[in-house]
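Q: My structure is in input-v9.tsv, and what it holds is TSV, C-alpha atoms and all ligand atoms:
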```tsv
chain	number	residue	atom	x	y	z
I	1229	MET	CA	0.00	0.00	0.00
I	1230	GLU	CA	1.21	3.50	-0.81
I	1231	ASP	CA	0.44	6.69	1.07
I	1232	LYS	CA	0.90	10.13	-0.53
I	1233	ASN	CA	-0.14	13.75	-0.62
I	1234	ALA	CA	-1.36	14.74	-4.08
I	1235	LEU	CA	-3.39	17.30	-6.03
I	1236	VAL	CA	-6.44	16.08	-7.96
I	1237	LEU	CA	-5.48	17.11	-11.49
I	1238	ARG	CA	-8.22	15.49	-13.60
I	1239	ARG	CA	-11.19	13.17	-13.19
I	1240	ILE	CA	-12.48	10.93	-15.94
I	1241	PRO	CA	-15.85	9.22	-15.39
I	1242	TYR	CA	-15.62	5.45	-15.80
I	1243	GLY	CA	-18.52	3.00	-15.96
I	1244	GLU	CA	-21.61	3.91	-13.94
I	1245	SER	CA	-20.08	5.09	-10.71
I	1246	ASP	CA	-16.30	5.26	-10.84
I	1247	TRP	CA	-13.63	7.85	-11.49
I	1248	ILE	CA	-10.22	7.46	-13.00
I	1249	LEU	CA	-8.23	10.14	-11.23
I	1250	SER	CA	-5.10	11.80	-12.47
I	1251	LEU	CA	-3.11	12.81	-9.39
I	1252	PHE	CA	-0.09	15.07	-9.16
I	1253	THR	CA	1.90	13.83	-6.19
I	1254	GLU	CA	4.06	15.86	-3.82
I	1255	GLU	CA	7.18	14.30	-5.37
I	1256	GLY	CA	6.01	15.72	-8.71
I	1257	ASN	CA	4.82	12.48	-10.31
I	1258	LYS	CA	1.70	12.13	-12.40
I	1259	ILE	CA	-0.18	8.95	-11.50
I	1260	SER	CA	-3.58	7.52	-12.38
I	1261	VAL	CA	-5.68	5.69	-9.80
I	1262	PHE	CA	-9.06	3.98	-9.93
I	1263	ALA	CA	-11.66	5.35	-7.48
I	1264	ALA	CA	-14.38	2.70	-7.37
I	1265	GLY	CA	-17.87	3.94	-6.51
I	1266	ALA	CA	-16.64	7.50	-5.95
I	1267	ARG	CA	-19.23	9.14	-8.20
I	1268	ASN	CA	-22.50	7.84	-6.80
I	1269	SER	CA	-21.62	7.50	-3.14
I	1270	LYS	CA	-20.22	10.32	-1.06
I	1271	LYS	CA	-19.84	7.99	1.91
I	1272	ARG	CA	-16.46	6.67	1.08
I	1273	PHE	CA	-14.51	9.70	-0.09
I	1274	GLY	CA	-16.85	12.58	0.81
I	1275	SER	CA	-16.10	15.57	-1.39
I	1276	SER	CA	-12.37	15.11	-0.96
I	1277	LEU	CA	-11.95	14.19	-4.64
I	1278	ASP	CA	-13.09	17.56	-6.01
I	1279	LEU	CA	-10.77	19.00	-8.64
I	1280	PHE	CA	-7.57	20.70	-7.43
I	1281	ASN	CA	-7.99	19.53	-3.85
I	1282	LEU	CA	-4.83	18.63	-2.01
I	1283	VAL	CA	-5.55	15.19	-0.57
I	1284	SER	CA	-3.83	12.52	1.43
I	1285	VAL	CA	-4.43	9.23	-0.39
I	1286	THR	CA	-3.65	5.56	0.09
I	1287	PHE	CA	-3.83	3.11	-2.77
I	1288	ASP	CA	-3.00	-0.52	-3.56
I	1289	HIS	CA	-1.43	-2.14	-6.57
I	1290	LYS	CA	-3.63	-5.19	-7.17
I	1291	PRO	CA	-2.39	-8.02	-9.36
I	1292	GLY	CA	-4.20	-8.17	-12.70
I	1293	ARG	CA	-5.35	-4.54	-12.55
I	1294	ASP	CA	-3.99	-1.83	-14.80
I	1295	LEU	CA	-4.46	0.95	-12.29
I	1296	PRO	CA	-3.84	1.12	-8.54
I	1297	LEU	CA	-7.05	1.08	-6.50
I	1298	LEU	CA	-7.77	4.09	-4.28
I	1299	ASN	CA	-8.46	3.04	-0.67
I	1300	GLU	CA	-8.73	6.29	1.24
I	1301	ALA	CA	-8.67	10.00	0.49
I	1302	TYR	CA	-8.66	12.79	3.08
I	1303	LEU	CA	-8.83	16.47	2.35
I	1304	VAL	CA	-5.64	18.31	3.34
I	1305	GLU	CA	-6.34	21.66	1.67
I	1306	GLY	CA	-9.28	22.71	-0.50
I	1307	PHE	CA	-9.65	25.74	-2.75
I	1308	VAL	CA	-13.25	26.80	-2.23
I	1309	ALA	CA	-12.95	30.36	-3.57
I	1310	LEU	CA	-11.16	29.05	-6.66
I	1311	ARG	CA	-13.86	26.47	-7.37
I	1312	ASN	CA	-16.60	29.10	-7.05
I	1313	ASP	CA	-14.96	31.53	-9.48
I	1314	LEU	CA	-15.28	30.55	-13.13
I	1315	THR	CA	-12.19	32.49	-14.26
I	1316	LYS	CA	-9.93	31.04	-11.56
I	1317	PHE	CA	-11.35	27.57	-12.10
I	1318	SER	CA	-10.82	27.81	-15.88
I	1319	ALA	CA	-7.23	28.93	-15.33
I	1320	ALA	CA	-6.57	26.02	-12.95
I	1321	SER	CA	-8.15	23.63	-15.50
I	1322	PHE	CA	-5.95	24.92	-18.31
I	1323	PHE	CA	-2.72	24.63	-16.32
I	1324	GLY	CA	-3.84	21.23	-15.04
I	1325	GLU	CA	-4.33	20.08	-18.64
I	1326	MET	CA	-0.98	21.57	-19.62
I	1327	ILE	CA	0.74	19.57	-16.86
I	1328	SER	CA	-1.14	16.42	-17.93
I	1329	GLU	CA	-0.05	16.89	-21.53
I	1330	PHE	CA	3.58	17.86	-20.96
I	1331	LEU	CA	4.62	15.84	-17.91
I	1332	PRO	CA	5.77	12.33	-18.79
I	1333	GLU	CA	4.92	9.52	-16.35
I	1334	LYS	CA	7.75	8.52	-14.00
I	1335	ASP	CA	9.66	11.77	-14.38
I	1336	PRO	CA	9.21	13.49	-11.01
I	1337	GLN	CA	9.19	17.29	-11.02
I	1338	HIS	CA	8.91	18.45	-7.42
I	1339	LYS	CA	9.53	22.11	-8.30
I	1340	LEU	CA	6.70	22.01	-10.81
I	1341	TYR	CA	4.40	20.61	-8.11
I	1342	GLN	CA	5.40	23.47	-5.80
I	1343	ALA	CA	4.80	26.02	-8.56
I	1344	PHE	CA	1.32	24.67	-9.32
I	1345	LEU	CA	0.37	24.50	-5.63
I	1346	GLY	CA	1.73	28.04	-5.17
I	1347	PHE	CA	-0.36	29.18	-8.13
I	1348	LEU	CA	-3.55	27.62	-6.68
I	1349	ARG	CA	-2.88	29.17	-3.25
I	1350	THR	CA	-2.14	32.60	-4.72
I	1351	MET	CA	-5.33	32.54	-6.83
I	1352	GLU	CA	-7.29	31.45	-3.75
I	1353	SER	CA	-5.97	34.45	-1.80
I	1354	GLN	CA	-6.95	37.04	-4.44
I	1355	ALA	CA	-10.42	38.61	-4.72
I	1356	PHE	CA	-10.28	37.98	-8.47
I	1357	LEU	CA	-7.72	36.57	-10.88
I	1358	PRO	CA	-5.34	39.28	-12.13
I	1359	ASP	CA	-4.90	38.80	-15.91
I	1360	HIS	CA	-1.10	38.83	-15.79
I	1361	PHE	CA	-1.06	35.60	-13.74
I	1362	ILE	CA	-1.91	33.72	-16.95
I	1363	PRO	CA	1.14	34.56	-19.12
I	1364	LEU	CA	3.41	34.32	-16.06
I	1365	MET	CA	2.19	30.79	-15.34
I	1366	GLU	CA	2.40	29.83	-19.02
I	1367	HIS	CA	6.01	31.00	-19.11
I	1368	GLN	CA	6.80	29.22	-15.86
I	1369	LEU	CA	5.33	25.89	-17.00
I	1370	LEU	CA	7.03	26.07	-20.42
I	1371	SER	CA	10.35	26.66	-18.64
I	1372	HIS	CA	9.79	23.70	-16.29
I	1373	PHE	CA	9.18	21.43	-19.27
I	1374	GLY	CA	12.32	22.55	-21.09
I	1375	PHE	CA	10.54	24.83	-23.57
I	1376	GLN	CA	11.59	28.14	-22.09
I	1377	PRO	CA	10.93	30.76	-24.78
I	1378	ARG	CA	14.02	32.50	-26.10
I	1379	PHE	CA	13.74	36.17	-25.22
I	1380	THR	CA	17.39	37.21	-24.96
I	1381	SER	CA	18.61	37.27	-28.58
I	1382	CYS	CA	17.28	37.10	-32.14
I	1383	LEU	CA	16.70	33.50	-33.28
I	1384	ILE	CA	18.25	34.26	-36.67
I	1385	CYS	CA	21.14	36.76	-36.33
I	1386	GLN	CA	21.75	35.96	-32.61
I	1387	GLU	CA	22.07	39.65	-31.80
I	1388	LYS	CA	21.17	40.54	-28.20
I	1389	LEU	CA	17.91	42.41	-27.70
I	1390	LYS	CA	18.18	46.20	-27.69
I	1391	ALA	CA	16.15	48.57	-25.54
I	1392	SER	CA	13.37	50.57	-27.20
I	1393	GLN	CA	12.98	48.06	-30.06
I	1394	SER	CA	10.20	45.64	-30.83
I	1395	TYR	CA	10.57	42.00	-31.80
I	1396	TYR	CA	8.47	39.38	-33.50
I	1397	PHE	CA	7.80	36.30	-31.43
I	1398	HIS	CA	7.67	33.27	-33.71
I	1399	GLY	CA	4.84	31.11	-32.40
I	1400	ALA	CA	6.19	27.87	-33.85
I	1401	LYS	CA	9.80	28.39	-32.73
I	1402	GLY	CA	9.23	29.88	-29.30
I	1403	GLY	CA	11.65	32.78	-29.69
I	1404	VAL	CA	12.00	36.34	-30.92
I	1405	VAL	CA	13.31	37.66	-34.23
I	1406	CYS	CA	14.53	41.22	-34.81
I	1407	LEU	CA	12.73	43.48	-37.29
I	1408	ALA	CA	15.59	43.36	-39.83
I	1409	CYS	CA	15.68	39.55	-39.90
I	1410	HIS	CA	11.89	39.41	-39.92
I	1411	GLU	CA	11.74	41.40	-43.18
I	1412	ASN	CA	14.05	38.94	-44.91
I	1413	THR	CA	12.51	35.73	-43.61
I	1414	PRO	CA	9.25	34.28	-44.85
I	1415	VAL	CA	7.23	32.73	-41.99
I	1416	ALA	CA	4.63	30.02	-42.25
I	1417	HIS	CA	3.31	30.40	-38.70
I	1418	SER	CA	1.82	33.16	-36.60
I	1419	VAL	CA	4.06	35.93	-35.29
I	1420	TYR	CA	3.38	38.34	-32.44
I	1421	LEU	CA	4.91	41.78	-32.03
I	1422	LEU	CA	6.30	42.29	-28.51
I	1423	ASP	CA	8.12	45.34	-27.21
I	1424	TYR	CA	11.39	45.27	-25.30
I	1425	VAL	CA	9.85	46.40	-22.00
I	1426	THR	CA	7.29	43.58	-21.99
I	1427	ILE	CA	9.97	41.03	-22.83
I	1428	GLN	CA	12.20	42.30	-20.00
I	1429	LYS	CA	9.28	42.11	-17.59
I	1430	MET	CA	8.83	38.45	-18.43
I	1431	LEU	CA	12.56	37.73	-18.13
I	1432	SER	CA	12.64	39.37	-14.69
I	1433	GLN	CA	10.21	36.64	-13.55
I	1434	LEU	CA	12.71	33.82	-13.92
I	1435	GLY	CA	13.32	32.32	-10.51
I	1436	ARG	CA	10.30	34.01	-8.93
I	1437	VAL	CA	7.30	32.12	-7.59
I	1438	PRO	CA	3.54	32.69	-7.97
I	1439	GLN	CA	3.41	34.10	-4.43
I	1440	ASP	CA	5.39	37.11	-5.78
I	1441	TRP	CA	2.94	37.85	-8.60
I	1442	PRO	CA	0.27	39.94	-6.83
I	1443	LYS	CA	2.90	42.71	-6.43
I	1444	GLU	CA	3.53	42.85	-10.19
I	1445	SER	CA	1.61	45.24	-12.38
I	1446	TRP	CA	1.07	44.51	-16.06
I	1447	GLY	CA	-0.94	46.58	-18.55
I	1448	ALA	CA	-3.92	44.95	-20.27
I	1449	ASP	CA	-2.33	45.31	-23.71
I	1450	GLU	CA	1.07	43.79	-22.88
I	1451	THR	CA	-0.61	40.98	-20.93
I	1452	LEU	CA	-2.81	40.06	-23.89
I	1453	LYS	CA	0.05	40.19	-26.42
I	1454	MET	CA	2.29	38.00	-24.26
I	1455	ARG	CA	-0.56	35.55	-23.65
I	1456	LYS	CA	-1.38	35.17	-27.34
I	1457	ALA	CA	2.29	34.61	-28.21
I	1458	LEU	CA	2.85	31.98	-25.52
I	1459	GLU	CA	-0.48	30.24	-26.16
I	1460	TYR	CA	0.32	29.75	-29.83
I	1461	PHE	CA	3.68	28.25	-28.85
I	1462	ILE	CA	2.05	25.99	-26.23
I	1463	GLN	CA	-0.54	24.61	-28.67
I	1464	PHE	CA	2.08	24.20	-31.37
I	1465	THR	CA	4.32	22.28	-28.95
I	1466	VAL	CA	1.52	20.02	-27.69
I	1467	GLY	CA	0.51	19.43	-31.30
I	1468	LYS	CA	-3.23	19.80	-30.78
I	1469	PRO	CA	-5.74	22.39	-29.55
I	1470	LEU	CA	-6.24	22.34	-25.78
I	1471	LYS	CA	-9.96	22.47	-24.94
I	1472	SER	CA	-9.40	24.09	-21.57
I	1473	LEU	CA	-7.36	26.89	-23.18
I	1474	ASN	CA	-10.12	27.58	-25.66
I	1475	PHE	CA	-12.60	27.80	-22.78
I	1476	LEU	CA	-10.35	30.06	-20.69
I	1477	SER	CA	-9.87	32.41	-23.67
I	1478	GLN	CA	-13.64	32.76	-24.03
I	1479	ILE	CA	-14.06	33.47	-20.31
I	1480	LEU	CA	-11.33	36.13	-20.38
I	1481	LEU	CA	-13.01	37.91	-23.31
I	1482	LYS	CA	-16.09	38.63	-21.22
Z	1501	ZN	ZN	17.98	39.23	-36.20
```
Rewrite the structure from the file as structure tokens, please.
A:
Amino acid sequence: MEDKNALVLRRIPYGESDWILSLFTEEGNKISVFAAGARNSKKRFGSSLDLFNLVSVTFDHKPGRDLPLLNEAYLVEGFVALRNDLTKFSAASFFGEMISEFLPEKDPQHKLYQAFLGFLRTMESQAFLPDHFIPLMEHQLLSHFGFQPRFTSCLICQEKLKASQSYYFHGAKGGVVCLACHENTPVAHSVYLLDYVTIQKMLSQLGRVPQDWPKESWGADETLKMRKALEYFIQFTVGKPLKSLNFLSQILLK
């Protein structure tokens, strides 16, 4: 029997009354467990298996079964305000899906776990979700997965970025190109114009944690431009549209 603290990342209904849960453990592993009877009876697990809850779980590996069987689940920390706010919930769903898509099984990423838990806690503590949390979290997750966007020099001529200039972010390559190189290079994918100040703001975030973000102030325009650039790169890297990102984008438009 195993005993762990984990975040409930996703729930997939199975059969008439069961869930297959995707859990993100404290060690930073993504595991799937089978929660028999969890959907039609609250007796066994209560509401501890709500999405994004931090739970203490025990499970067994049974011979002949593909998935470990969940025995017990106790709530350690819930995010009630987050679950009652559609914008915060949509953001958590998107980043949960991003982790599910990018994180390979059996490749523990404890720092990523801490970043996601910090993000949930910071959202929970805010009256509403500040827009700039989205591109900051996108950048942070991309960096954790080894896809940190290149914002320090032009992808083509390698020249370092210069103050007071603008750059094109190439959505398929995940880096910036200077205006001179851009004019001479045909591009097949979307590009996004970003100014130097916005790029520097993002770079200054490296090494910071979500708990630092409420102090930051980002303009609506720079937030949106950075989001669009990173979201194209994320979808291009995953290789398919992410449903939860589509939903979040619609919520943020309102
Ligand atoms: Zn260049």
Q: May I have the residues within 10 Å of Tyr1242 in chain I as a list in words, using all atoms listed in the file and disregarding those fewer than 2 positions away in the same chain?
A: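 My reading of the contact set: Arg1239, Ile1240, Glu1244, Ser1245, Asp1246, Trp1247, Ile1248, Leu1249, Phe1262, Ala1263, Ala1264, Gly1265 and Arg1267 of chain I.
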Q: Do a neighbour search on Leu1298 in chain I at 12 Å with all atoms listed in the file, toss out local chain neighbours closer than 4 positions, and write the hits as a ChimeraX atom specification.
A: /I:1229-1232,1246-1251,1259-1266,1272-1273,1277,1283-1290,1302
Q: Please determine, counting all atoms listed in the file, which residue among I:Lys1258, I:Arg1293, I:Lys1270, I:His1410 has the shortest atom-to-atom distance to ligand ZN 1501 (chain Z).
A: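 Among I:Lys1258, I:Arg1293, I:Lys1270, I:His1410, it is I:His1410 that comes nearest to ligand ZN 1501 (chain Z).
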Q: Mind listing the residues within 10 Å of ligand ZN 1501 (chain Z), all atoms listed in the file counted, as a PyMOL selection string?
A: chain I and resi 1381-1389+1395-1396+1404-1413
Q: Provide the CA of Gly1243 in chain I to CA of Ser1318 in chain I distance in Å, to one decimal place.
A: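 Between CA of Gly1243 in chain I and CA of Ser1318 in chain I the gap works out to 26.0 Å.
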Q: Determine the nearest neighbour of Gln1393 in chain I from the options I:Leu1421, I:His1360, I:Glu1333, I:Gln1376, counting all atoms listed in the file.
A: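 For Gln1393 in chain I, the nearest of the given residues is I:Leu1421.
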Q: For the atom pair CA of Ser1432 in chain I and CA of Gln1342 in chain I, what is the interatomic distance in Å to one decimal place?
A: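 These two atoms are separated by 19.6 Å.
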Q: When you draw a straight line from CA of Lys1429 in chain I to CA of Leu1369 in chain I, how long is it in Å?
A: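 If I compute the distance from CA of Lys1429 in chain I to CA of Leu1369 in chain I, I get 16.7 Å.
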Q: Can you tell me, as a ChimeraX atom specification, what residues are no more than 10 Å from Ile1362 in chain I when counting only C-alpha atoms, ignoring any on the same chain fewer than 4 positions away?
A: /I:1319-1320,1322-1323,1357-1358,1366-1368,1451-1452,1454-1455,1458-1459,1476
Q: Pick out the residues sitting within 8 Å of Phe1330 in chain I, and hand them over as a list of chain:residue names; count all atoms listed in the file, and ignore anything fewer than 2 positions along from it in its own chain.
A: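 The residues satisfying every condition are I:Met1326, I:Ile1327, I:Ser1328, I:Pro1332, I:Phe1373, I:Val1466.
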